[in-house]
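Here's work_10.csv, which has CSV, C-alpha atoms and all ligand atoms:
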```csv
chain,number,residue,atom,x,y,z
A,20,MET,CA,35.9,20.6,-35.0
A,21,PHE,CA,38.5,20.0,-32.3
A,22,ASN,CA,40.4,16.8,-32.7
A,23,LEU,CA,43.0,16.0,-30.2
A,24,ASN,CA,45.0,13.9,-32.6
A,25,ASN,CA,45.3,16.8,-35.0
A,26,ILE,CA,47.0,19.1,-32.5
A,27,LEU,CA,49.3,16.7,-30.6
A,28,ARG,CA,52.9,16.8,-31.6
A,29,GLU,CA,54.0,13.7,-33.6
A,30,ASN,CA,56.8,12.8,-31.2
A,31,ILE,CA,54.3,12.8,-28.3
A,32,LYS,CA,51.8,10.7,-30.2
A,33,LYS,CA,54.6,8.1,-30.7
A,34,LEU,CA,56.0,8.5,-27.2
A,35,VAL,CA,56.5,5.3,-25.2
A,36,PRO,CA,56.5,6.6,-21.6
A,37,TYR,CA,59.1,5.5,-19.0
A,38,SER,CA,57.8,2.4,-17.3
A,39,SER,CA,58.8,2.4,-13.6
A,40,ALA,CA,59.4,-0.7,-11.6
A,41,ARG,CA,56.4,-0.1,-9.4
A,42,ASP,CA,54.1,0.3,-12.5
A,43,GLU,CA,54.3,-3.5,-13.0
A,44,TYR,CA,53.8,-4.8,-9.5
A,45,LYS,CA,50.8,-3.3,-7.8
A,46,GLY,CA,50.9,-5.0,-4.3
A,47,THR,CA,52.0,-3.1,-1.2
A,48,GLU,CA,53.4,-6.1,0.7
A,49,GLY,CA,56.5,-7.9,-0.3
A,50,ILE,CA,60.3,-7.7,-0.5
A,51,PHE,CA,61.0,-4.8,-2.9
A,52,LEU,CA,64.3,-5.3,-4.7
A,53,ASP,CA,63.1,-3.8,-8.0
A,54,ALA,CA,63.9,-0.1,-7.9
A,55,ASN,CA,67.4,0.1,-6.4
A,56,GLU,CA,66.2,1.9,-3.3
A,57,ASN,CA,68.1,1.6,0.0
A,58,ALA,CA,66.3,-1.2,1.8
A,59,PHE,CA,67.8,-0.2,5.2
A,60,GLY,CA,66.0,3.1,5.5
A,61,SER,CA,66.7,6.8,5.2
A,62,PRO,CA,69.0,8.9,7.4
A,63,VAL,CA,66.2,11.3,8.3
A,64,ASP,CA,62.8,10.6,9.7
A,65,MET,CA,59.5,12.3,9.0
A,66,GLU,CA,56.1,11.7,10.5
A,67,VAL,CA,52.9,13.1,9.0
A,68,GLU,CA,49.8,12.8,11.0
A,69,GLY,CA,51.1,9.8,13.0
A,70,GLU,CA,52.4,8.0,9.9
A,71,GLU,CA,56.1,7.4,9.5
A,72,LEU,CA,57.0,8.2,5.9
A,73,LYS,CA,59.1,5.6,4.0
A,74,LEU,CA,61.4,8.2,2.5
A,75,ASN,CA,63.7,5.5,1.1
A,76,ARG,CA,60.9,4.4,-1.3
A,77,TYR,CA,59.9,6.1,-4.5
A,78,PRO,CA,56.5,7.8,-4.3
A,79,ASP,CA,53.3,6.9,-6.2
A,80,THR,CA,53.8,8.1,-9.8
A,81,LEU,CA,50.1,8.9,-10.2
A,82,GLN,CA,49.5,10.3,-6.7
A,83,ILE,CA,46.2,8.4,-6.3
A,84,ALA,CA,45.7,9.2,-2.6
A,85,VAL,CA,45.9,12.9,-3.2
A,86,LYS,CA,43.7,12.7,-6.3
A,87,GLU,CA,41.0,10.8,-4.5
A,88,LYS,CA,40.7,13.6,-2.0
A,89,LEU,CA,40.8,16.3,-4.7
A,90,SER,CA,38.2,14.3,-6.6
A,91,LYS,CA,35.7,14.7,-3.8
A,92,ILE,CA,36.4,18.4,-3.4
A,93,LYS,CA,36.3,19.2,-7.1
A,94,GLY,CA,33.5,16.8,-8.1
A,95,LEU,CA,35.7,15.2,-10.8
A,96,PRO,CA,36.9,11.6,-11.4
A,97,ILE,CA,40.6,11.1,-10.7
A,98,GLU,CA,41.1,10.3,-14.5
A,99,ASN,CA,40.4,14.0,-15.2
A,100,ILE,CA,43.1,15.3,-12.7
A,101,PHE,CA,46.8,15.8,-13.3
A,102,LEU,CA,49.2,16.9,-10.6
A,103,GLY,CA,52.3,18.9,-11.3
A,104,ASN,CA,55.2,20.3,-9.3
A,105,GLY,CA,53.3,23.6,-9.1
A,106,SER,CA,51.0,24.6,-11.9
A,107,ASP,CA,54.1,25.9,-13.5
A,108,GLU,CA,55.0,22.3,-14.3
A,109,ALA,CA,51.6,21.8,-15.9
A,110,ILE,CA,52.1,24.9,-18.0
A,111,ASP,CA,55.4,23.6,-19.3
A,112,ILE,CA,53.9,20.1,-20.1
A,113,ILE,CA,51.0,21.7,-22.0
A,114,PHE,CA,53.7,23.4,-24.3
A,115,ARG,CA,55.6,20.2,-24.7
A,116,ALA,CA,52.4,18.2,-25.6
A,117,PHE,CA,51.1,20.6,-28.3
A,118,CYS,CA,53.6,23.1,-29.5
A,119,ASN,CA,56.3,22.3,-32.1
A,120,PRO,CA,59.3,24.4,-31.3
A,121,GLY,CA,60.2,27.0,-33.9
A,122,LYS,CA,56.9,26.4,-35.7
A,123,ASP,CA,53.8,26.8,-33.6
A,124,ASN,CA,52.5,29.8,-31.6
A,125,VAL,CA,50.3,30.6,-28.6
A,126,ILE,CA,48.2,33.6,-27.7
A,127,VAL,CA,48.3,35.3,-24.4
A,128,CYS,CA,46.3,38.4,-23.3
A,129,PRO,CA,48.5,40.8,-21.3
A,130,PRO,CA,48.7,42.2,-18.7
A,131,THR,CA,48.8,38.6,-17.4
A,132,TYR,CA,50.8,36.0,-15.6
A,133,GLY,CA,54.4,36.0,-16.8
A,134,MET,CA,55.0,32.2,-16.8
A,135,TYR,CA,53.1,31.7,-20.0
A,136,GLN,CA,55.7,33.8,-21.8
A,137,VAL,CA,58.7,32.2,-20.0
A,138,ALA,CA,57.4,28.7,-20.7
A,139,ALA,CA,56.9,29.7,-24.4
A,140,ASN,CA,60.5,31.1,-24.6
A,141,ILE,CA,62.0,28.0,-23.0
A,142,ASN,CA,60.2,25.8,-25.5
A,143,ASP,CA,61.1,28.0,-28.4
A,144,VAL,CA,57.4,28.7,-29.2
A,145,GLU,CA,56.3,32.0,-30.6
A,146,ILE,CA,54.0,34.1,-28.3
A,147,ILE,CA,51.4,36.4,-29.8
A,148,LYS,CA,50.0,39.1,-27.6
A,149,VAL,CA,46.4,40.3,-27.8
A,150,PRO,CA,46.1,42.8,-25.0
A,151,LEU,CA,43.1,42.9,-22.7
A,152,ILE,CA,40.8,45.9,-23.3
A,153,ALA,CA,42.3,48.9,-21.4
A,154,GLU,CA,40.8,49.9,-18.0
A,155,THR,CA,38.1,47.2,-17.9
A,156,PHE,CA,40.6,44.5,-18.6
A,157,GLU,CA,38.1,42.4,-20.5
A,158,LEU,CA,39.1,39.8,-22.9
A,159,ASN,CA,39.1,41.0,-26.5
A,160,THR,CA,37.5,37.8,-27.8
A,161,ASP,CA,37.1,38.8,-31.4
A,162,ALA,CA,40.7,40.0,-31.7
A,163,VAL,CA,41.9,36.8,-30.2
A,164,LEU,CA,39.9,34.7,-32.6
A,165,LYS,CA,41.0,36.9,-35.6
A,166,THR,CA,44.6,36.6,-34.6
A,167,ALA,CA,44.6,32.8,-34.2
A,168,ASN,CA,46.1,31.0,-37.3
A,169,VAL,CA,46.8,27.5,-38.4
A,170,ASN,CA,49.9,27.3,-36.2
A,171,THR,CA,48.1,28.6,-33.0
A,172,LYS,CA,47.9,25.7,-30.6
A,173,LEU,CA,47.1,27.3,-27.2
A,174,ILE,CA,45.2,30.3,-25.9
A,175,PHE,CA,45.9,31.3,-22.3
A,176,VAL,CA,43.1,32.9,-20.3
A,177,CYS,CA,43.8,33.7,-16.6
A,178,SER,CA,40.6,34.2,-14.5
A,179,PRO,CA,40.7,35.8,-12.0
A,180,ASN,CA,43.6,37.4,-13.9
A,181,ASN,CA,47.0,38.2,-12.3
A,182,PRO,CA,47.8,41.1,-11.9
A,183,THR,CA,44.5,42.8,-12.7
A,184,GLY,CA,42.3,40.7,-10.4
A,185,THR,CA,39.5,40.7,-13.0
A,186,GLU,CA,37.4,37.8,-13.9
A,187,VAL,CA,36.9,36.7,-17.5
A,188,ASN,CA,33.3,36.1,-18.3
A,189,LEU,CA,32.0,32.7,-19.1
A,190,GLU,CA,30.5,33.7,-22.4
A,191,SER,CA,33.8,35.0,-23.8
A,192,VAL,CA,35.6,31.8,-22.9
A,193,LYS,CA,32.8,29.7,-24.3
A,194,LYS,CA,33.2,31.7,-27.6
A,195,LEU,CA,36.9,30.9,-27.7
A,196,LEU,CA,36.3,27.2,-26.9
A,197,GLU,CA,33.6,27.0,-29.7
A,198,ASN,CA,35.5,28.8,-32.4
A,199,PHE,CA,39.1,27.7,-31.8
A,200,ASN,CA,40.4,24.3,-32.7
A,201,GLY,CA,43.3,24.3,-30.3
A,202,ILE,CA,43.4,24.2,-26.5
A,203,VAL,CA,42.1,26.9,-24.3
A,204,VAL,CA,43.9,27.0,-21.0
A,205,VAL,CA,41.9,28.7,-18.2
A,206,ASP,CA,44.2,29.4,-15.2
A,207,GLU,CA,42.1,29.5,-12.0
A,208,ALA,CA,44.9,30.0,-9.5
A,209,TYR,CA,42.8,32.6,-7.6
A,210,ILE,CA,39.3,31.0,-8.1
A,211,ASN,CA,38.8,30.5,-4.3
A,212,PHE,CA,38.6,34.3,-3.9
A,213,ALA,CA,36.2,35.0,-6.7
A,214,ARG,CA,32.4,35.3,-6.5
A,215,TYR,CA,32.2,33.5,-9.8
A,216,ARG,CA,32.2,29.7,-10.3
A,217,THR,CA,34.9,27.6,-11.6
A,218,PHE,CA,34.9,26.4,-15.2
A,219,ILE,CA,35.2,22.8,-14.1
A,220,PRO,CA,31.5,21.9,-15.0
A,221,GLU,CA,32.3,23.0,-18.6
A,222,LEU,CA,34.8,20.1,-19.0
A,223,LEU,CA,31.8,18.0,-19.9
A,224,ASN,CA,31.0,20.3,-22.8
A,225,TYR,CA,34.4,21.2,-24.2
A,226,PRO,CA,37.1,18.6,-25.1
A,227,ASN,CA,39.6,21.4,-25.7
A,228,LEU,CA,39.4,23.0,-22.2
A,229,VAL,CA,42.3,22.7,-19.7
A,230,ILE,CA,41.8,24.2,-16.3
A,231,LEU,CA,44.7,25.0,-14.0
A,232,GLN,CA,44.4,25.4,-10.2
A,233,THR,CA,47.0,25.3,-7.5
A,234,LEU,CA,47.6,24.6,-3.8
A,235,SER,CA,49.9,27.7,-3.7
A,236,LYS,CA,47.4,30.5,-3.0
A,237,ALA,CA,44.2,29.9,-1.0
A,238,TRP,CA,45.5,26.5,0.2
A,239,GLY,CA,48.5,28.2,1.7
A,240,LEU,CA,51.0,25.7,0.3
A,241,ALA,CA,53.2,27.7,-2.0
A,242,GLY,CA,56.3,26.0,-0.5
A,243,LEU,CA,55.0,22.5,-1.2
A,244,ARG,CA,54.8,22.9,-5.0
A,245,VAL,CA,51.6,21.2,-6.0
A,246,GLY,CA,49.5,22.4,-8.9
A,247,MET,CA,46.6,20.8,-10.7
A,248,ALA,CA,45.3,20.5,-14.3
A,249,PHE,CA,41.8,19.4,-15.0
A,250,ALA,CA,40.9,18.2,-18.5
A,251,SER,CA,39.4,15.3,-20.6
A,252,ARG,CA,40.8,11.9,-19.7
A,253,ASP,CA,42.6,11.8,-23.1
A,254,ILE,CA,44.5,15.0,-22.4
A,255,ILE,CA,45.3,14.0,-18.8
A,256,ASP,CA,46.7,10.6,-20.1
A,257,ILE,CA,49.0,12.6,-22.4
A,258,PHE,CA,50.2,14.8,-19.5
A,259,ASN,CA,50.9,11.7,-17.4
A,260,LYS,CA,52.9,10.2,-20.3
A,261,ILE,CA,55.1,13.4,-20.5
A,262,LYS,CA,55.7,14.2,-16.9
A,263,PRO,CA,58.8,12.9,-15.0
A,264,PRO,CA,57.6,9.7,-13.4
A,265,TYR,CA,58.0,10.8,-9.8
A,266,ASN,CA,57.2,14.5,-10.2
A,267,ILE,CA,55.5,14.9,-6.8
A,268,SER,CA,57.6,13.9,-3.8
A,269,LEU,CA,56.4,11.5,-1.1
A,270,VAL,CA,56.6,14.4,1.4
A,271,SER,CA,54.5,16.7,-0.9
A,272,GLN,CA,51.9,13.9,-1.5
A,273,LYS,CA,51.5,13.2,2.2
A,274,LEU,CA,51.3,16.8,3.2
A,275,ALA,CA,48.9,17.7,0.4
A,276,SER,CA,46.6,14.8,1.5
A,277,GLY,CA,46.7,16.1,5.1
A,278,ALA,CA,45.9,19.6,3.9
A,279,LEU,CA,43.0,18.6,1.8
A,280,ASP,CA,41.3,17.3,5.0
A,281,ASN,CA,41.5,20.8,6.4
A,282,ILE,CA,39.2,22.6,4.0
A,283,THR,CA,37.4,24.4,6.9
A,284,GLN,CA,40.5,26.3,7.8
A,285,VAL,CA,41.1,27.2,4.2
A,286,ASN,CA,37.6,28.5,3.7
A,287,ASP,CA,37.9,30.6,6.9
A,288,TRP,CA,41.1,32.2,5.7
A,289,THR,CA,39.7,32.8,2.3
A,290,LYS,CA,36.8,34.7,3.8
A,291,GLN,CA,39.2,36.8,5.8
A,292,ILE,CA,41.3,37.5,2.8
A,293,VAL,CA,38.2,38.6,0.8
A,294,SER,CA,37.0,40.8,3.6
A,295,GLY,CA,40.5,42.3,4.0
A,296,ARG,CA,40.6,42.9,0.2
A,297,GLU,CA,37.3,44.9,0.3
A,298,LYS,CA,38.3,46.9,3.4
A,299,LEU,CA,41.8,47.7,2.0
A,300,SER,CA,40.4,48.6,-1.4
A,301,THR,CA,38.0,51.1,0.1
A,302,GLU,CA,40.6,52.7,2.3
A,303,ILE,CA,43.3,52.9,-0.3
A,304,SER,CA,41.0,54.4,-2.9
A,305,LYS,CA,40.6,57.4,-0.6
A,306,LEU,CA,44.3,58.3,-0.7
A,307,PRO,CA,45.2,61.5,-2.7
A,308,PHE,CA,47.8,59.9,-4.9
A,309,VAL,CA,45.6,56.9,-5.7
A,310,ILE,CA,43.9,57.2,-9.1
A,311,LYS,CA,42.0,54.0,-8.7
A,312,VAL,CA,41.8,50.6,-7.1
A,313,TYR,CA,40.6,48.1,-9.7
A,314,PRO,CA,37.8,45.8,-8.5
A,315,SER,CA,39.4,42.4,-7.6
A,316,GLU,CA,38.2,38.8,-7.5
A,317,ALA,CA,41.6,37.6,-6.3
A,318,SER,CA,43.8,37.7,-3.2
A,319,PHE,CA,45.5,40.9,-4.2
A,320,ILE,CA,44.5,44.4,-5.5
A,321,LEU,CA,45.9,46.4,-8.4
A,322,VAL,CA,46.3,50.0,-7.3
A,323,LYS,CA,46.8,52.8,-9.9
A,324,THR,CA,48.8,55.7,-8.4
A,325,THR,CA,50.3,58.9,-9.8
A,326,ASP,CA,53.8,57.4,-9.4
A,327,GLY,CA,54.1,53.6,-8.9
A,328,LYS,CA,57.8,53.4,-8.6
A,329,SER,CA,58.0,56.1,-5.9
A,330,VAL,CA,55.1,54.6,-3.9
A,331,TYR,CA,56.8,51.2,-4.2
A,332,ASN,CA,60.1,52.6,-2.8
A,333,HIS,CA,58.3,54.4,0.0
A,334,LEU,CA,56.8,51.1,1.1
A,335,VAL,CA,60.1,49.3,0.8
A,336,LYS,CA,61.6,51.9,3.2
A,337,ASN,CA,59.0,50.6,5.7
A,338,GLN,CA,60.0,47.0,4.9
A,339,ILE,CA,56.7,46.4,3.1
A,340,VAL,CA,57.3,44.6,-0.2
A,341,THR,CA,54.7,44.9,-2.9
A,342,ARG,CA,54.9,44.2,-6.6
A,343,ASP,CA,55.8,47.1,-8.8
A,344,ARG,CA,53.8,46.6,-12.0
A,345,SER,CA,54.2,50.2,-13.2
A,346,SER,CA,56.2,49.2,-16.3
A,347,VAL,CA,53.7,46.6,-17.4
A,348,GLU,CA,51.6,47.3,-20.5
A,349,LEU,CA,48.2,48.9,-19.5
A,350,CYS,CA,49.3,49.0,-15.8
A,351,GLU,CA,51.1,52.4,-15.8
A,352,GLY,CA,51.6,53.6,-12.2
A,353,CYS,CA,50.2,50.4,-10.7
A,354,LEU,CA,51.3,48.4,-7.7
A,355,ARG,CA,50.0,44.9,-7.0
A,356,ILE,CA,49.4,44.4,-3.3
A,357,THR,CA,48.7,41.0,-1.8
A,358,ILE,CA,46.2,40.9,1.0
A,359,GLY,CA,47.8,40.0,4.2
A,360,THR,CA,46.6,39.4,7.8
A,361,PRO,CA,44.5,42.2,9.3
A,362,GLU,CA,47.6,43.5,11.1
A,363,GLU,CA,49.7,43.5,7.9
A,364,ASN,CA,46.9,45.3,6.0
A,365,MET,CA,46.8,48.0,8.7
A,366,GLU,CA,50.6,48.5,8.4
A,367,VAL,CA,50.3,48.9,4.6
A,368,LEU,CA,47.6,51.5,5.0
A,369,LYS,CA,49.5,53.3,7.7
A,370,SER,CA,52.6,53.5,5.6
A,371,LEU,CA,50.6,54.6,2.5
A,372,LYS,CA,49.0,57.4,4.5
A,373,GLU,CA,52.5,58.7,5.3
A,374,TYR,CA,53.4,58.9,1.6
A,375,LYS,CA,54.0,62.4,0.2
B,1,LIG,C1,50.6,32.0,-8.5
B,1,LIG,C2,50.1,31.6,-9.8
B,1,LIG,C3,50.1,30.3,-10.3
B,1,LIG,C4,50.6,29.2,-9.4
B,1,LIG,O1,51.8,28.7,-9.7
B,1,LIG,P1,52.4,27.4,-8.8
B,1,LIG,O2,53.4,26.9,-9.7
B,1,LIG,O3,51.3,26.4,-8.7
B,1,LIG,O4,52.8,27.9,-7.5
B,1,LIG,C5,49.6,29.9,-11.5
B,1,LIG,N1,49.0,30.9,-12.2
B,1,LIG,C6,48.9,32.1,-11.8
B,1,LIG,C7,48.2,33.1,-12.6
B,1,LIG,C8,49.4,32.5,-10.6
B,1,LIG,O5,49.4,33.8,-10.2
```

Step by step, read the file and then write its structure as structure tokens.
Amino acid sequence: MFNLNNILRENIKKLVPYSSARDEYKGTEGIFLDANENAFGSPVDMEVEGEELKLNRYPDTLQIAVKEKLSKIKGLPIENIFLGNGSDEAIDIIFRAFCNPGKDNVIVCPPTYGMYQVAANINDVEIIKVPLIAETFELNTDAVLKTANVNTKLIFVCSPNNPTGTEVNLESVKKLLENFNGIVVVDEAYINFARYRTFIPELLNYPNLVILQTLSKAWGLAGLRVGMAFASRDIIDIFNKIKPPYNISLVSQKLASGALDNITQVNDWTKQIVSGREKLSTEISKLPFVIKVYPSEASFILVKTTDGKSVYNHLVKNQIVTRDRSSVELCEGCLRITIGTPEENMEVLKSLKEYK
């Protein structure tokens, strides 16, 4: 049985979080001389949607306004939502909550997103690799469960997966959640582009599930650095205890709030990216040096060629930058190509047709 107390680090269990000045006084009116801010103002001004930002003041530590909007979109109470400085911050906080450096380990399923490994290395946590099944890129669920030992705290599942674009099926993840007593992290950075549904409804069934999403991809806000984690209230409370108190800037909070009102635009772009993906996949798979284009549920395609490095260099000569994944395990000869605007996709195709 999963028991949160059994897998939390002792120091985190005992942690008394930083209490900020604004935690104690909840009012918005008054003379604020509690946080050593500059009461005169700030030397730059910024207006977002008609509102002058008070940049001289510290921002809301729990980002309630942003979470209230997310709560409506995701159908989740705000108590189940954590916001990080990109989902990369959430990944780091997950390590710090559960993994004892030099003792615990985590399982990742390569080829996958590189930050899990980097965050593990930074936190001095052993990383155990259980590769996806070659060519289909399906999760090797039985091997993952067999590999997990008493010191395994986290299993990372990326769905749709970067760089393969494949989705991990619901049943495999349920099997992990039911047979593993640590945390299963499902990274849904690309969920907006998938035909499949989010795992969010499963939060009600699984106390050991953490879901990651981000405003960096479909939402078009990679520069803003806002990522989300969804989990049980107990897990979110722990993440909030660990995070730096003001981890999301006032500017990011206001801009994220504004963006979340504009879901129609995002849905429209998402549709265009998905249709661009299907068109580009069809066209690229006809090229003589292309062995295969893997089916993708994400905003990129993984293209297996006869010589990845050389195709990559050819594209760079035309000032088209893609991601060379040819040296990655199970991705021999592969390039990962992000879907651009229709014009950009045309340019990629044109350039690829000129490759000899
Ligand atoms: C891009 C990406 C992220 C997002 O990271 P941010 O820090 O939110 O920009 C997370 N996971 C995967 C798999 C990604 O590809």

Expected selection as a VMD selection string for ligand LIG 1 (chain B) within 10 Å, only C-alpha atoms and all ligand atoms: chain A and resid 102 to 110 131 to 135 176 to 182 184 205 to 209 231 to 236 240 to 247 317 to 318

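The set of protein, DNA and RNA residues with any counted atom at most 8 Å from (58.8, 27.5, -30.2) (all atoms listed in the file) reads Cys118, Asn119, Pro120, Gly121, Lys122, Asp123, Asn124, Ala139, Asn140, Ile141, Asn142, Asp143, Val144 and Glu145 of chain A.
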
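Remark: for Ala237 in chain A, the closest of the candidate residues A:Pro220, A:Gly359, A:Gly49, A:Gly277 is A:Gly359 (distances computed over all atoms listed in the file).
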
Expected residue set, 10 Å radius at (36.2, 25.6, -18.3), only C-alpha atoms, as a PyMOL selection string: chain A and resi 189+192-193+196+203-207+216-231+249-250

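Compared by their closest atoms to Ala278 in chain A, and using only C-alpha atoms, the residues A:Phe258, A:Trp238, A:Phe156, A:Phe308 rank with A:Trp238 nearest.
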
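CA of Ser276 in chain A lies 7.0 Å from CA of Ala84 in chain A.
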
Close residues, Phe117 in chain A itself excluded, 10 Å, all atoms listed in the file, min 6 positions apart in chain, as a list of chain:residue names: A:Leu23, A:Asn25, A:Ile26, A:Leu27, A:Arg28, A:Glu29, A:Ile31, A:Asp123, A:Asn124, A:Thr171, A:Lys172, A:Leu173, A:Gly201, A:Ile202
